[in-house]
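Asks: Can you read through this structure? Questions will come right after.
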Amino acid sequence: MSSSTQISAPQSMRTFRVLPFTPPPGASGLRQQVRAFLADNMPPTDAPYRANSWTVGDREFSRKLGQAGYIAMIWPKQYGGHERHPLERYIVLEELLAAGAPVGMHWIADRQSGPLILRFGTEKQRMMFLPRIAAGELFGCIGMSEPGSGSDLASVRTRAIRDGDGWRVSGQKVWTTNAHNAGLMIALLRTGEPGGRQEGLTQFLIDLTAPGVTVRPIIDLAGGHDFNEVFFDDLFIPDDMRVGAEGDGWKQVTAELSLERSGPERYMSCFALFLEMVRRAGPTPDAAMTALIGRLSAEMWTLRHMSMSTAAQLAAGNDPTLEAAIVKDLGNSFEQELPRLVQAAADADLDLSSNEDLARLLALLLQISPSFSLRGGTREILRGIIARSLGLR
Amino acid sequence: MNDDQSLLTDAAGRLFGDLALRREEDFTTLWTLVEEAGFPLLLVPEADGGFGGRWRDAFAVLRLAGYHALPLPLGEAILAAWLLNRCNLAQVEGLTTIAPRVEGVFVEGRFTGSVAGVPWGQEAANIVALLNGTLIVLSCGDSVSIEPHENPAAEARDTLHFERALAPNAPCGIDLTALGALIRTAQIAGAMDAALAQSIAYANERVQFGKPIGKFQTLQHNLAVFAEEAAAVNCAGQAAFAAADKYDGVAGFEIAAAKLRANMAVGVGTSTAHQVHGAIGFTREYSLHTLTRRLWSWRSEFGNDRLWSQRLGDQVIAAGAAAFWANLTERSDA
Ligand SMILES: Cc1cc2nc3c(=O)[nH]c(=O)nc-3n(C[C@H](O)[C@H](O)[C@H](O)COP(=O)(O)OP(=O)(O)OC[C@H]3O[C@@H](n4cnc5c(N)ncnc54)[C@H](O)[C@@H]3O)c2cc1C
């Protein structure tokens, strides 16, 4: 190749496709409605709870959101949904996250359990679960990871073995966020031969109140209780609680992960900390603080447009696996770096043991930010997905 | 992308790709081809004899100019023509470029002073400059002397001196630095994509340890991060140009954010591209430097990280934390 060569992208290379975010008319009216709803209904939360608020649960608040039509926004009315546009849902989600509203109780069910049931479930399953999820009364959790299966999810070992008109399950799931609040788990189980891979996996709806299920808390390093281990001891699952065909679990999980990875929560976990830093900086900060605020604003503004573009891809029916992986990895790096940058630039006398909001937000986020690039697929796994789209694998 | 825009990008892609192969030929030959194709009048309304394009069309075209490392001041000419039209001044004959820096006085319709960093000032017929809220149109033939300079990519960035040069003029409330930053953002987006494509092609081709180096996970991950940065610049660029359409060129917040984000991405892009290429990429012979040297240059032009982070920070601080989210959403809602 010489210095006057024309660049032609490799045939197999895919890169981020930008799509404009064009919600139906009335987007800003919808924002005002959500803001008014929050002004009336947002529980008085302590500063640290406004960070990472999609893991902070509040049953009463979720029920109010359900009543107001802010859960299950895009599902058909016959299942309790509201038949809104997917980009209207996006607007509501980002408003809730920007306000630091405690949406953790229903987040997973609204984002992924419900859509999975809607797409692959039977009519009976839809009627049984969706209206209660929409009402903010039934909450969900994701039963994918096991002690031996993290990044290598296809190696899932917990087996479901045929038993009459159902299945028998003994085994364990781990890191199950919200299992202690949820009534419903969507579990990825092995129905094929032990030791198999993708092909032998099937998804099931598990009633977490059934005999044979035990949920045990796992306390995280900051002392919080969000995730759990879940044990199955000779649990019986009726066959009509199987989601999709036997052996289709992997395909379905892949679709589910696109939903799990593409939302605004993947860059906004530290938004409350950013706002508090700007508030504390006041009208006349020094040049270094001004520059940091500028830099973080530029990154956040860009990520927001990338996230909105990905939402538009999803709404248009395109497969945004690559875009979701890019937004999540870039977003996680941003929200993970933010506490470090705030710590470095804050007033030299900022005391992390003090009761000031900035100190408490920072103290919490410094501790929990390592999880941002683990939950929902690790940084390394996402980069592998991106490399595949680039045509390198 | 609508049909008009894909016609435009097809034409631009073909022409710029062709010109990239002829980059050693003389400037006037190459520029004439771009001018004859009508690209400099992209943003001038059809009623005034232009192409009637929108800023988002300009993004698509200038991104391609960056992609092909087009050795011509196309963005500058597009901007100059738009400014003249916007300030109700007549279009002028020949290549019109813009002045990033101006020093001097403008009295009684005459300019005395110098303009610096002017892209292809030596080849241009006219220079549009902004001095204390007045847009002036200098004729290069009136200059008393010209100092040729080049940026690190060997793109001409000349200084011209004038004494009592008569210049058509009009009041203009537009920030020329911001608009310059806007066009550089589109060029950076294109050059990042091209350097990424070239790096990936090379990684799939170059064999070491018995396999293409692109099969090594470390390279895959580094290139994935590069792709993320390229995606960020492209997305930021498109959003800023869309805002320029919405706010008729005056999109201070979005342009500041987009140029800053683009500047931030250049480091990862250029260092990864060179690392993947090894020694061959460090040669004059191999074409990677036509992209990377431009990226390093453009990172400074029309505002480095310091300038834009200060300006953006100032805007956010002036509005206050409580208004941050409301402003962000209001500016992007239709
Ligand atoms: C806060 C939190 C909430 C979670 N909630 C849930 C939940 O609700 N439901 C659920 O099912 N799971 C949940 N998880 C689990 C999460 O999905 C896993 O942590 C994740 O998939 C990684 O698995 P692992 O922890 O076993 O790490 P491992 O897979 O053992 O990985 C350890 C390290 O090795 C790297 N690595 C692994 N394989 C490769 C490879 N091929 N190439 C390069 N590097 C590699 C990883 O990237 C990582 O850095 C949660 C995790 C966290 C932290």
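Within each chain, counting starts at residue 1; across the structure tokens, chains are named A, B, ... in the order shown, with ligands numbered 1 upward in that order.
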Write down as a PyMOL selection string the residues belonging to range 80-228 of chain B that are assigned strand (DSSP E or B) by DSSP computed on the backbone.

Replies: chain B and resi 96-98+101-107+110-119+126-131+134-139+145-147+150+156-166+169-171+207-208+211-212

Asks: Using only C-alpha atoms, which protein or nucleic acid residues come within 8 Å of Lys215 in chain B? Drop anything in the same chain fewer than 4 positions from it, and give the result as number ranges by chain.

Replies: A: 392-393; B: 204, 211, 219-220

Asks: When you count only C-alpha atoms, which of these residues is closest to chain B: A:Val327, A:Leu366, A:Leu201, A:Ala101?

Replies: A:Val327

Asks: Could you tell me, counting only C-alpha atoms and all ligand atoms, which protein and nucleic acid residues lie no more than 8 Å from ligand 1, written as number ranges by chain?

Replies: A: 141-153, 173-179, 226-227, 370-381, 384; B: 217

Asks: Would you please extract all alpha helix (DSSP H) residues from range 118-266 of chain B, as assigned by DSSP on the backbone, and give them as a VMD selection string?

Replies: chain B and resid 176 to 205 217 to 246 252 to 266

Asks: In Å, rounded to a single decimal, give me how far CA of Arg168 in chain A is from CA of Ile186 in chain A.

Replies: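 Computed distance, CA of Ile186 in chain A to CA of Arg168 in chain A, equals 15.6 Å.
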
Asks: Just the residues within 12 Å of range 239-245 of chain A, please, counting only C-alpha atoms, with nothing from its chain fewer than 4 positions along; format it as a ChimeraX atom specification.

Replies: /A:113-126,128-129,160-168,184-189,191,199-207,249-253

Asks: Find the residues in chain A near chain B: any atom within 8 Å counts, using only C-alpha atoms. Write them as a ChimeraX atom specification.

Replies: /A:1-10,13,15-16,18,27-28,98,275-276,278-279,281-284,287,290-295,297-299,301-303,305-306,326-327,330,380,383-384,386-387,390-393

Asks: Could you list, as JSON, numbers by chain, every residue within 10 Å of range 346-350 of chain A, counting only C-alpha atoms and ignoring same-chain residues fewer than 6 positions away?

Replies: {"A": [277, 280, 281, 288, 289, 356, 358, 359]}
